[in-house]
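File shown: start.txt. Contents: compact mmCIF, C-alpha atoms.
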# COMPACT_ATOMS: atom_id res chain seq x y z
CA MET A 1 -3.21 9.25 -21.31
CA MET A 2 -1.72 5.80 -20.66
CA THR A 3 1.79 7.31 -20.74
CA VAL A 4 0.80 9.91 -18.17
CA TRP A 5 -0.81 7.24 -15.98
CA SER A 6 2.34 5.08 -16.19
CA GLU A 7 4.52 7.98 -15.11
CA VAL A 8 2.20 8.87 -12.22
CA ARG A 9 1.99 5.24 -11.10
CA SER A 10 5.79 4.91 -11.24
CA ALA A 11 6.20 8.08 -9.19
CA ALA A 12 3.63 6.88 -6.68
CA VAL A 13 5.36 3.50 -6.33
CA GLN A 14 8.73 5.20 -5.82
CA GLU A 15 7.16 7.44 -3.19
CA VAL A 16 5.69 4.46 -1.34
CA GLU A 17 8.97 2.56 -1.46
CA SER A 18 11.06 5.51 -0.31
CA THR A 19 8.72 6.74 2.41
CA SER A 20 9.72 5.41 5.79
CA VAL A 21 6.16 5.72 7.08
CA PHE A 22 5.30 2.52 5.18
CA ARG A 23 7.92 0.67 7.19
CA SER A 24 5.69 1.15 10.21
CA ALA A 25 3.41 -1.86 10.61
CA PRO A 26 0.71 0.13 12.48
CA PHE A 27 0.50 2.72 9.71
CA LEU A 28 0.51 0.06 7.01
CA ARG A 29 -2.46 -1.61 8.72
CA LEU A 30 -4.24 1.73 9.03
CA TRP A 31 -3.55 2.60 5.39
CA THR A 32 -4.83 -0.79 4.24
CA GLY A 33 -7.99 -0.38 6.31
CA THR A 34 -8.71 3.09 4.95
CA THR A 35 -8.08 1.85 1.42
CA ALA A 36 -10.59 -0.96 1.95
CA SER A 37 -13.17 1.52 3.21
CA GLY A 38 -12.47 3.75 0.22
CA LEU A 39 -12.99 0.88 -2.21
CA ALA A 40 -16.29 -0.01 -0.56
CA THR A 41 -17.42 3.61 -0.56
CA TRP A 42 -16.61 4.28 -4.21
CA ALA A 43 -17.83 0.90 -5.46
CA LEU A 44 -21.37 1.15 -4.06
CA PRO A 45 -22.73 3.86 -6.43
CA PHE A 46 -21.16 2.09 -9.41
CA ILE A 47 -22.66 -1.26 -8.41
CA LEU A 48 -26.08 0.32 -8.01
CA GLY A 49 -25.60 1.92 -11.41
CA LEU A 50 -25.08 -1.57 -12.82
CA ALA A 51 -28.32 -2.58 -11.12
CA VAL A 52 -30.09 0.20 -13.02
CA LEU A 53 -28.60 -1.05 -16.28
CA ASP A 54 -29.85 -4.59 -15.70
CA ARG A 55 -33.22 -3.17 -14.59
CA SER A 56 -33.05 -4.56 -11.05
CA ILE A 57 -33.87 -1.04 -9.84
CA GLY A 58 -34.85 2.20 -11.53
CA ALA A 59 -33.24 5.63 -11.55
CA VAL A 60 -35.60 6.87 -8.82
CA GLU A 61 -34.66 3.99 -6.52
CA LEU A 62 -30.98 4.70 -7.20
CA GLY A 63 -31.41 8.31 -6.18
CA VAL A 64 -33.32 7.39 -3.02
CA VAL A 65 -30.71 4.85 -1.91
CA LEU A 66 -27.74 7.16 -2.53
CA ALA A 67 -29.53 10.03 -0.80
CA ALA A 68 -30.20 7.78 2.20
CA ARG A 69 -26.51 6.89 2.37
CA THR A 70 -25.61 10.59 2.39
CA VAL A 71 -28.11 11.27 5.18
CA GLY A 72 -26.60 8.43 7.21
CA PHE A 73 -23.11 9.83 6.69
CA LEU A 74 -24.07 13.34 7.78
CA ALA A 75 -26.00 12.12 10.81
CA ALA A 76 -23.19 9.88 12.03
CA ALA A 77 -20.18 12.16 11.51
CA PRO A 78 -20.74 14.54 14.48
CA VAL A 79 -21.83 11.70 16.77
CA ALA A 80 -18.77 9.67 15.85
CA GLY A 81 -16.56 12.71 16.38
CA VAL A 82 -17.68 12.89 20.00
CA LEU A 83 -17.44 9.12 20.52
CA ALA A 84 -13.95 8.93 19.01
CA ASP A 85 -12.80 11.56 21.51
CA ARG A 86 -14.50 9.79 24.42
CA TYR A 87 -13.32 6.25 23.64
CA PRO A 88 -10.36 4.63 21.87
CA ARG A 89 -10.45 5.56 18.19
CA ARG A 90 -9.69 1.97 17.21
CA ARG A 91 -12.89 0.83 18.90
CA VAL A 92 -14.97 3.41 17.01
CA VAL A 93 -13.43 2.30 13.70
CA LEU A 94 -14.15 -1.33 14.58
CA TRP A 95 -17.84 -0.80 15.33
CA ALA A 96 -18.35 1.61 12.45
CA GLY A 97 -16.82 -0.85 10.00
CA LEU A 98 -18.84 -3.72 11.39
CA VAL A 99 -22.05 -1.70 11.07
CA ALA A 100 -21.30 -0.90 7.42
CA ALA A 101 -20.29 -4.51 6.78
CA GLY A 102 -23.56 -5.79 8.22
CA ALA A 103 -25.66 -3.32 6.22
CA SER A 104 -24.15 -4.21 2.83
CA PRO A 105 -25.81 -7.65 2.49
CA LEU A 106 -29.14 -6.04 3.45
CA ILE A 107 -28.82 -3.71 0.46
CA ALA A 108 -28.33 -6.82 -1.67
CA LEU A 109 -31.33 -8.47 -0.03
CA GLY A 110 -33.56 -5.51 -0.88
CA LEU A 111 -32.32 -5.26 -4.46
CA GLY A 112 -35.33 -5.50 -6.75
CA ARG A 113 -37.58 -6.36 -3.80
CA SER A 114 -37.82 -3.48 -1.34
CA THR A 115 -36.63 0.08 -1.88
CA VAL A 116 -37.35 0.82 1.78
CA LEU A 117 -35.02 -1.95 2.94
CA MET A 118 -32.31 -0.80 0.54
CA ALA A 119 -32.64 2.81 1.69
CA VAL A 120 -32.53 1.94 5.39
CA ALA A 121 -29.54 -0.36 4.87
CA ALA A 122 -27.78 2.31 2.78
CA ALA A 123 -28.37 4.86 5.54
CA VAL A 124 -26.79 2.47 8.05
CA ALA A 125 -23.84 1.86 5.71
CA GLY A 126 -23.48 5.62 5.27
CA ALA A 127 -23.48 6.01 9.05
CA GLY A 128 -20.63 3.52 9.27
CA GLN A 129 -18.74 5.46 6.64
CA GLY A 130 -19.40 8.77 8.39
CA ALA A 131 -18.29 7.34 11.73
CA CYS A 132 -15.03 6.05 10.27
CA ARG A 133 -13.86 9.32 8.77
CA PRO A 134 -13.15 11.42 11.91
CA ALA A 135 -11.90 8.35 13.78
CA PHE A 136 -9.45 7.56 10.97
CA GLN A 137 -8.18 11.15 11.04
CA ALA A 138 -7.57 11.05 14.78
CA LEU A 139 -6.07 7.56 14.64
CA THR A 140 -3.55 8.72 12.04
CA ALA A 141 -2.28 11.33 14.47
CA GLU A 142 -1.85 8.60 17.09
CA VAL A 143 0.09 6.03 15.07
CA VAL A 144 2.27 8.40 12.99
CA ALA A 145 4.99 10.65 14.39
CA ALA A 146 4.46 14.38 13.85
CA ASP A 147 7.34 14.72 11.38
CA GLN A 148 5.91 11.91 9.22
CA ARG A 149 2.27 12.98 9.11
CA GLN A 150 2.48 14.94 5.88
CA ARG A 151 3.80 11.88 4.06
CA ALA A 152 1.26 9.71 5.84
CA ASN A 153 -1.60 11.97 4.77
CA ALA A 154 -0.24 12.05 1.23
CA ALA A 155 -0.17 8.25 1.24
CA MET A 156 -3.76 8.21 2.47
CA THR A 157 -4.92 10.51 -0.30
CA LEU A 158 -2.96 8.48 -2.87
CA SER A 159 -5.03 5.47 -1.88
CA VAL A 160 -8.23 7.50 -2.30
CA ARG A 161 -7.28 8.65 -5.78
CA VAL A 162 -6.07 5.25 -6.93
CA THR A 163 -9.31 3.81 -5.58
CA THR A 164 -11.27 6.36 -7.63
CA LEU A 165 -9.53 5.10 -10.76
CA VAL A 166 -9.57 1.41 -9.94
CA ALA A 167 -12.94 0.81 -8.25
CA PRO A 168 -15.25 1.38 -11.26
CA GLY A 169 -13.12 -0.70 -13.63
CA LEU A 170 -12.60 -3.48 -11.12
CA THR A 171 -16.30 -3.54 -10.34
CA ALA A 172 -17.20 -3.72 -14.03
CA LEU A 173 -14.72 -6.55 -14.50
CA LEU A 174 -16.14 -8.52 -11.57
CA ALA A 175 -19.66 -7.92 -12.88
CA VAL A 176 -18.80 -10.16 -15.83
CA VAL A 177 -18.47 -13.20 -13.57
CA VAL A 178 -20.74 -12.42 -10.58
CA ASP A 179 -24.12 -10.75 -10.22
CA THR A 180 -24.92 -7.40 -8.64
CA SER A 181 -26.04 -8.90 -5.33
CA ALA A 182 -22.70 -10.67 -4.93
CA LEU A 183 -20.87 -7.42 -5.61
CA LEU A 184 -22.89 -5.68 -2.89
CA VAL A 185 -21.97 -8.45 -0.46
CA GLY A 186 -18.37 -7.92 -1.54
CA THR A 187 -18.49 -4.32 -0.32
CA GLY A 188 -19.42 -5.77 3.07
CA VAL A 189 -16.25 -7.87 3.00
CA LEU A 190 -14.25 -4.71 2.29
CA TRP A 191 -15.91 -2.97 5.25
CA LEU A 192 -15.04 -5.97 7.39
CA GLY A 193 -11.40 -5.44 6.45
CA ALA A 194 -11.71 -1.74 7.27
CA ALA A 195 -13.05 -2.71 10.70
CA LEU A 196 -10.47 -5.35 11.60
CA LEU A 197 -7.22 -4.16 10.02
CA PRO A 198 -6.45 -0.80 11.70
CA PRO A 199 -4.15 -0.93 14.76
CA LYS A 200 -4.71 0.25 18.29
CA GLY A 201 -3.92 3.88 18.94
CA THR A 202 -1.50 5.21 21.51
CA ALA A 203 -3.61 7.96 23.11
CA ALA A 204 -5.09 7.35 26.54
CA VAL A 205 -8.65 8.44 25.76
CA VAL A 206 -10.96 8.40 28.75
CA ALA A 207 -14.76 8.69 28.64
CA THR A 208 -15.76 12.10 29.99
CA GLY A 209 -19.17 11.20 31.33
CA SER A 210 -20.51 14.55 30.14
CA ARG A 211 -23.48 14.97 27.85
CA PHE A 212 -23.13 14.60 24.12
CA ALA A 213 -24.23 18.18 23.45
CA ALA A 214 -21.64 19.55 25.88
CA ASP A 215 -18.86 17.53 24.25
CA PHE A 216 -19.94 18.61 20.79
CA VAL A 217 -20.04 22.27 21.81
CA ALA A 218 -16.55 21.86 23.29
CA GLY A 219 -15.39 20.64 19.88
CA VAL A 220 -16.95 23.67 18.21
CA ARG A 221 -15.24 25.90 20.76
CA GLU A 222 -11.90 24.24 20.01
CA ALA A 223 -12.41 24.81 16.27
CA ARG A 224 -13.20 28.49 16.91
CA GLY A 225 -9.88 28.81 18.68
CA HIS A 226 -8.07 28.22 15.38
CA PRO A 227 -8.84 31.13 13.02
CA TRP A 228 -6.95 29.51 10.15
CA PHE A 229 -9.18 26.43 10.48
CA LEU A 230 -12.39 28.44 10.31
CA ALA A 231 -11.14 30.45 7.32
CA GLY A 232 -9.90 27.36 5.47
CA LEU A 233 -13.08 25.43 6.19
CA GLY A 234 -15.17 28.32 4.93
CA ALA A 235 -13.17 28.44 1.70
CA LEU A 236 -13.33 24.66 1.25
CA THR A 237 -17.09 24.60 1.84
CA ALA A 238 -17.62 27.40 -0.67
CA VAL A 239 -15.55 25.67 -3.36
CA ILE A 240 -17.26 22.31 -2.86
CA ALA A 241 -20.78 23.75 -2.67
CA THR A 242 -20.30 25.84 -5.83
CA GLY A 243 -17.41 24.64 -7.98
CA TYR A 244 -17.79 20.90 -7.39
CA SER A 245 -21.55 21.06 -7.73
CA ALA A 246 -21.56 23.26 -10.83
CA THR A 247 -19.04 21.19 -12.71
CA GLY A 248 -20.81 18.00 -11.66
CA VAL A 249 -23.97 19.26 -13.34
CA ALA A 250 -22.46 21.26 -16.21
CA LEU A 251 -19.64 19.00 -17.37
CA PRO A 252 -21.94 16.32 -18.86
CA LEU A 253 -24.02 19.04 -20.54
CA VAL A 254 -21.01 20.82 -22.02
CA SER A 255 -19.46 17.54 -23.12
CA ARG A 256 -22.66 16.66 -24.96
CA ASP A 257 -23.77 20.04 -26.32
CA ARG A 258 -20.48 21.77 -27.14
CA TYR A 259 -18.25 18.87 -28.09
CA GLY A 260 -20.85 16.29 -29.12
CA THR A 261 -19.14 13.42 -27.35
CA GLU A 262 -18.91 11.78 -23.94
CA THR A 263 -15.14 11.56 -24.33
CA VAL A 264 -14.63 15.02 -22.85
CA LEU A 265 -16.63 14.02 -19.77
CA ALA A 266 -14.61 10.85 -19.24
CA GLY A 267 -11.32 12.57 -20.07
CA ALA A 268 -11.90 15.46 -17.68
CA LEU A 269 -12.83 13.20 -14.76
CA THR A 270 -9.84 10.95 -15.40
CA ALA A 271 -7.58 13.99 -15.75
CA TYR A 272 -8.79 15.32 -12.41
CA THR A 273 -7.88 12.07 -10.66
CA LEU A 274 -4.49 11.87 -12.40
CA GLY A 275 -3.80 15.47 -11.40
CA ALA A 276 -4.70 14.65 -7.80
CA LEU A 277 -2.25 11.74 -7.86
CA VAL A 278 0.48 14.08 -9.10
CA GLY A 279 -0.42 16.60 -6.40
CA ALA A 280 -0.29 13.96 -3.66
CA VAL A 281 3.15 12.74 -4.79
CA LEU A 282 4.39 16.33 -4.99
CA ILE A 283 3.18 17.47 -1.57
CA ALA A 284 4.50 14.30 0.09
CA ARG A 285 8.02 15.66 -0.46
CA TRP A 286 7.52 19.42 -0.76
CA ARG A 287 7.54 21.56 2.38
CA PRO A 288 6.70 25.11 1.30
CA ARG A 289 7.51 27.82 3.84
CA ALA A 290 4.03 29.33 3.59
CA GLU A 291 2.28 25.99 3.33
CA GLY A 292 -1.14 27.38 4.22
CA TRP A 293 -1.07 30.00 1.48
CA VAL A 294 0.18 27.42 -1.02
CA ALA A 295 -2.65 25.12 0.07
CA LEU A 296 -5.27 27.84 -0.36
CA ALA A 297 -3.83 28.74 -3.77
CA GLY A 298 -4.17 25.06 -4.70
CA LEU A 299 -7.78 25.11 -3.57
CA GLY A 300 -8.41 28.27 -5.56
CA VAL A 301 -7.21 26.85 -8.87
CA TYR A 302 -10.31 24.66 -8.91
CA GLY A 303 -11.91 27.77 -10.37
CA PHE A 304 -10.25 26.91 -13.68
CA ALA A 305 -12.62 23.93 -14.00
CA PRO A 306 -15.89 25.92 -14.21
CA LEU A 307 -14.02 28.64 -16.14
CA SER A 308 -12.99 26.15 -18.83
CA LEU A 309 -16.62 25.03 -19.16
CA LEU A 310 -17.75 28.64 -19.45
CA LEU A 311 -15.41 29.62 -22.30
CA PRO A 312 -15.49 28.25 -25.88
CA VAL A 313 -12.11 26.54 -25.66
CA PRO A 314 -10.77 23.35 -27.28
CA ALA A 315 -11.51 20.12 -25.43
CA VAL A 316 -7.85 19.72 -24.50
CA VAL A 317 -8.06 22.96 -22.50
CA VAL A 318 -10.95 21.55 -20.46
CA VAL A 319 -8.96 18.39 -19.75
CA GLY A 320 -5.92 20.48 -18.81
CA ALA A 321 -8.01 22.61 -16.44
CA TYR A 322 -9.15 19.48 -14.65
CA VAL A 323 -5.54 18.27 -14.33
CA VAL A 324 -4.63 21.59 -12.69
CA ALA A 325 -7.69 21.40 -10.43
CA GLY A 326 -6.71 17.87 -9.36
CA VAL A 327 -3.15 18.89 -8.54
CA GLY A 328 -4.42 21.88 -6.58
CA ILE A 329 -6.92 19.98 -4.46
CA GLU A 330 -4.23 17.70 -3.07
CA LEU A 331 -1.89 20.63 -2.48
CA PHE A 332 -4.69 21.76 -0.19
CA ASN A 333 -5.88 18.47 1.33
CA VAL A 334 -2.59 17.13 2.65
CA PRO A 335 -1.38 20.29 4.48
CA TRP A 336 -4.95 20.84 5.69
CA PHE A 337 -5.19 17.42 7.33
CA THR A 338 -1.63 17.69 8.66
CA GLY A 339 -2.23 21.14 10.11
CA THR A 340 -5.42 19.98 11.83
CA GLN A 341 -3.64 16.99 13.36
CA ARG A 342 -0.79 19.23 14.54
CA GLU A 343 -2.66 22.23 15.92
CA VAL A 344 -5.91 20.86 17.35
CA ASP A 345 -5.99 19.54 20.90
CA PRO A 346 -5.57 15.74 20.49
CA ARG A 347 -8.45 15.19 22.91
CA MET A 348 -10.78 16.99 20.49
CA LEU A 349 -9.28 16.05 17.15
CA ALA A 350 -12.07 13.71 16.09
CA ARG A 351 -14.76 16.28 16.92
CA VAL A 352 -13.04 19.01 14.94
CA SER A 353 -12.45 16.63 12.03
CA SER A 354 -16.13 15.69 12.06
CA LEU A 355 -17.02 19.39 11.71
CA ASP A 356 -14.74 19.51 8.69
CA PHE A 357 -16.49 16.60 6.96
CA LEU A 358 -19.95 17.72 8.09
CA LEU A 359 -19.70 21.22 6.62
CA SER A 360 -17.50 20.72 3.59
CA TYR A 361 -19.15 17.57 2.28
CA GLY A 362 -22.51 18.09 3.96
CA LEU A 363 -23.28 21.20 1.94
CA ALA A 364 -22.33 19.57 -1.38
CA PRO A 365 -25.82 18.01 -1.82
CA VAL A 366 -27.33 21.41 -1.04
CA GLY A 367 -25.17 22.94 -3.75
CA LEU A 368 -26.28 20.30 -6.23
CA ALA A 369 -29.92 20.81 -5.30
CA LEU A 370 -29.68 24.57 -5.91
CA ILE A 371 -27.33 24.71 -8.88
CA ALA A 372 -29.17 22.23 -11.08
CA PRO A 373 -32.38 24.33 -11.16
CA ALA A 374 -30.28 27.51 -11.41
CA ILE A 375 -28.69 26.18 -14.59
CA ASP A 376 -32.13 25.29 -15.93
CA HIS A 377 -33.42 28.80 -15.17
CA PHE A 378 -30.45 31.06 -15.99
CA GLY A 379 -28.45 28.81 -18.26
CA PRO A 380 -25.00 27.33 -17.57
CA ARG A 381 -22.88 30.39 -18.46
CA PRO A 382 -23.91 32.81 -15.67
CA VAL A 383 -23.99 30.01 -13.09
CA LEU A 384 -20.53 28.81 -14.09
CA ALA A 385 -19.24 32.40 -14.03
CA VAL A 386 -20.48 32.94 -10.47
CA CYS A 387 -19.05 29.60 -9.34
CA ALA A 388 -15.66 30.34 -10.89
CA VAL A 389 -15.54 33.70 -9.09
CA VAL A 390 -16.42 32.03 -5.78
CA CYS A 391 -13.74 29.36 -6.26
CA PHE A 392 -11.08 32.01 -6.86
CA ALA A 393 -12.31 34.53 -4.28
CA ALA A 394 -13.10 32.30 -1.26
CA PRO A 395 -9.53 30.93 -0.78
CA ALA A 396 -8.11 34.41 -1.45
CA ALA A 397 -10.34 35.85 1.26
CA ALA A 398 -9.32 33.06 3.65
CA ALA A 399 -5.64 33.90 3.02
CA LEU A 400 -6.26 37.34 4.54
CA VAL A 401 -6.47 35.67 7.97
CA PRO A 402 -2.83 35.88 9.18
CA SER A 403 -2.62 32.39 10.73
CA THR A 404 -3.52 30.77 7.41
CA ARG A 405 0.01 31.44 6.18
CA GLY A 406 1.29 28.28 7.83
CA PHE A 407 -1.95 26.71 9.07
CA ARG A 408 -0.68 27.41 12.58
CA THR A 409 -2.52 28.78 15.58
CA VAL A 410 -0.83 31.75 17.22
CA THR A 411 -1.65 31.96 20.92
CA ARG A 412 -1.44 35.15 22.88
CA ARG A 413 1.70 33.92 24.62
CA GLN A 414 3.36 33.04 21.30
CA ALA A 415 2.40 36.44 19.92
CA GLY A 416 4.17 38.17 22.80
CA GLY A 417 1.09 39.01 24.83
CA PRO A 418 0.11 37.74 28.26
CA GLY A 419 -0.85 34.11 28.46
CA ARG A 420 -4.18 32.85 29.59

Kindly present the structure from the file in structure tokens form.
Amino acid sequence: MMTVWSEVRSAAVQEVESTSVFRSAPFLRLWTGTTASGLATWALPFILGLAVLDRSIGAVELGVVLAARTVGFLAAAPVAGVLADRYPRRRVVLWAGLVAAGASPLIALGLGRSTVLMAVAAAVAGAGQGACRPAFQALTAEVVAADQRQRANAAMTLSVRVTTLVAPGLTALLAVVVDTSALLVGTGVLWLGAALLPPKGTAAVVATGSRFAADFVAGVREARGHPWFLAGLGALTAVIATGYSATGVALPLVSRDRYGTETVLAGALTAYTLGALVGAVLIARWRPRAEGWVALAGLGVYGFAPLSLLLPVPAVVVVGAYVVAGVGIELFNVPWFTGTQREVDPRMLARVSSLDFLLSYGLAPVGLALIAPAIDHFGPRPVLAVCAVVCFAAPAAAALVPSTRGFRTVTRRQAGGPGR
């Protein structure tokens, strides 16, 4: 595993060094800011987990606080999408990061004292996180030239995956020398960096003066004008709500009951992240002709994860399935983000991106809430079988929409018909 990680890290470093997008100071600042926000986001659940271990809070309090953060994220994403299209995206990132930075010490203040304070502060921090996401997406399109966006998005996702690997270990290491409250305050410092580091955008965004609902509906209308986007979002939502949720519940059970060890659980999760790193490095350089179909195929291979848990296979097959799933998810993510930034009206990019995050990630908790009792009632095998079928079938169905071939919107004029 260490050899594989060394090879992936070397490839990632070579990619960073050879990619001209990192020679752009504005993008480097944006990348650093998003990385800081990613570290803060991924560290919080781990830090709260440490608080459970030292009995500062209980498992119920942990669940309440993390649920509150998710609610804050989902509530803020559509609002921030509208605001980031009305006002400069840099300003939205600034205020969102400052809000999350200010909420982090309040979580520390409530630790072991007030679950209500922790939950409210976590909801505010989640709102800051949710507000950053669509603004970051739109800001990337402003500071990066169109021909460099695929590499830029690959670099962004590389930071996410490296963060996933580094944040838990780094947090555990810091926990040796500082207490949990100090670590929570540290996430606020990271959010402060996320607020202050990103550069100003180049788009001349002007406040519309229209009502929020009207602006939001305009964003929905813009999304509906891109059939490939609707099809891809439907497939992504289906995979996350079923495949992600099922494996999240079933993997620990299978690791314990079939293999009798937690090693399979840890190995599969690590393999998924390493696979995603490989996928990000690959798609940074690869330009497939039918990039949309390749992306949807990459999304579909996540079905091998629940399939490997369904079948009585050796543990190495489970780990291999998660490597393949990780590679595939980045073969989807990078062209998906790039296609959205290219095809969507720049004046509505943040709103459309917020719909992406709202539906794809917003339904994940619903999937978890339904699949856990389904596994208890029917057992893991039929649930995993259904989820594997959905993961394979949903992207295949999306590929039937013609414009998904290249994630490109074909207008009537482009198709040879009369223009509007």

With distances taken over all atoms listed in the file, the candidate from A:Gly320, A:Pro335, A:Gly72, A:Gly326 nearest Ala121 in chain A is A:Gly72

Pick from A:Ser255, A:Thr187, A:Thr70, A:Gln150, whichever lies nearest to Ile107 in chain A using only C-alpha atoms = A:Thr187

With a distance cut-off of 12 Å and all atoms listed in the file, select the neighbouring residues of Val60 in chain A, excluding the residue or stretch itself and same-chain residues fewer than 4 positions from it, and output the selection as a PyMOL selection string.
-> chain A and resi 48-49+52+55-56+64-67+115+119

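Separating CA of Pro380 in chain A from CA of Leu50 in chain A is a distance of 29.3 Å.
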
Residues within 8 Å of Phe337 in chain A, only C-alpha atoms, excluding chain neighbours under 4 positions, as number ranges by chain | A: 137, 153, 333, 341

Write to file, as a PDB file, keeping the file's coordinate frame, the residues of the selection just made, with C-alpha atoms.
ATOM      1  CA  GLN A 137      -8.180  11.150  11.040  1.00  0.00           C
ATOM      2  CA  ASN A 153      -1.600  11.970   4.770  1.00  0.00           C
ATOM      3  CA  ASN A 333      -5.880  18.470   1.330  1.00  0.00           C
ATOM      4  CA  GLN A 341      -3.640  16.990  13.360  1.00  0.00           C
TER       5      GLN A 341
END

Just how far from CA of Ser354 in chain A is CA of Val79 in chain A, in Å to one decimal?
->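 One can read the CA of Val79 in chain A to CA of Ser354 in chain A distance as 8.4 Å.
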
CA of Leu368 in chain A sits from CA of Ala68 in chain A at a separation of 15.6 Å

Select, from A:His377, A:Arg113, A:Arg69, A:Arg133, the residue with the minimum atom-to-atom distance to Gly33 in chain A, counting all atoms listed in the file.
->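 Residue with the minimum atom-to-atom distance to Gly33 in chain A: A:Arg133.
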
Residue with smallest distance to Leu190 in chain A - pool A:Ala167, A:Ala231, A:Val21, A:Ile57, counting only C-alpha atoms |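 Nearest candidate to Leu190 in chain A out of A:Ala167, A:Ala231, A:Val21, A:Ile57: A:Ala167.
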
Identify which of the residues A:Val352, A:Leu111, A:Leu158, A:Val334 lies closest to Phe229 in chain A, counting only C-alpha atoms when measuring atom-to-atom distances.
->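 Ranked by minimum distance to Phe229 in chain A, first place goes to A:Val352.
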
Missing atoms in range 246-251 of chain A should be modelled up to all heavy atoms and reported as a short mmCIF file (atom, residue, chain, number, x, y, z; two decimals), in the coordinates of the input.
data_model
loop_
_atom_site.label_atom_id
_atom_site.label_comp_id
_atom_site.auth_asym_id
_atom_site.auth_seq_id
_atom_site.Cartn_x
_atom_site.Cartn_y
_atom_site.Cartn_z
N ALA A 246 -21.31 22.72 -9.50
CA ALA A 246 -21.56 23.26 -10.83
C ALA A 246 -20.93 22.40 -11.91
O ALA A 246 -21.55 22.11 -12.93
CB ALA A 246 -21.03 24.69 -10.92
N THR A 247 -19.69 22.01 -11.70
CA THR A 247 -19.04 21.19 -12.71
C THR A 247 -19.66 19.81 -12.78
O THR A 247 -19.70 19.19 -13.85
CB THR A 247 -17.52 21.08 -12.45
OG1 THR A 247 -17.30 20.58 -11.12
CG2 THR A 247 -16.85 22.43 -12.58
N GLY A 248 -20.15 19.30 -11.64
CA GLY A 248 -20.81 18.00 -11.66
C GLY A 248 -22.05 18.01 -12.53
O GLY A 248 -22.37 17.02 -13.20
N VAL A 249 -22.76 19.14 -12.53
CA VAL A 249 -23.97 19.26 -13.34
C VAL A 249 -23.64 19.69 -14.77
O VAL A 249 -24.19 19.18 -15.74
CB VAL A 249 -24.94 20.27 -12.70
CG1 VAL A 249 -26.15 20.51 -13.60
CG2 VAL A 249 -25.40 19.76 -11.34
N ALA A 250 -22.71 20.64 -14.91
CA ALA A 250 -22.46 21.26 -16.21
C ALA A 250 -21.54 20.45 -17.11
O ALA A 250 -21.69 20.50 -18.33
CB ALA A 250 -21.87 22.66 -16.02
N LEU A 251 -20.59 19.72 -16.53
CA LEU A 251 -19.64 19.00 -17.37
C LEU A 251 -20.32 18.03 -18.33
O LEU A 251 -19.99 18.02 -19.53
CB LEU A 251 -18.61 18.27 -16.48
CG LEU A 251 -17.57 17.43 -17.22
CD1 LEU A 251 -16.78 18.28 -18.21
CD2 LEU A 251 -16.63 16.74 -16.23
#
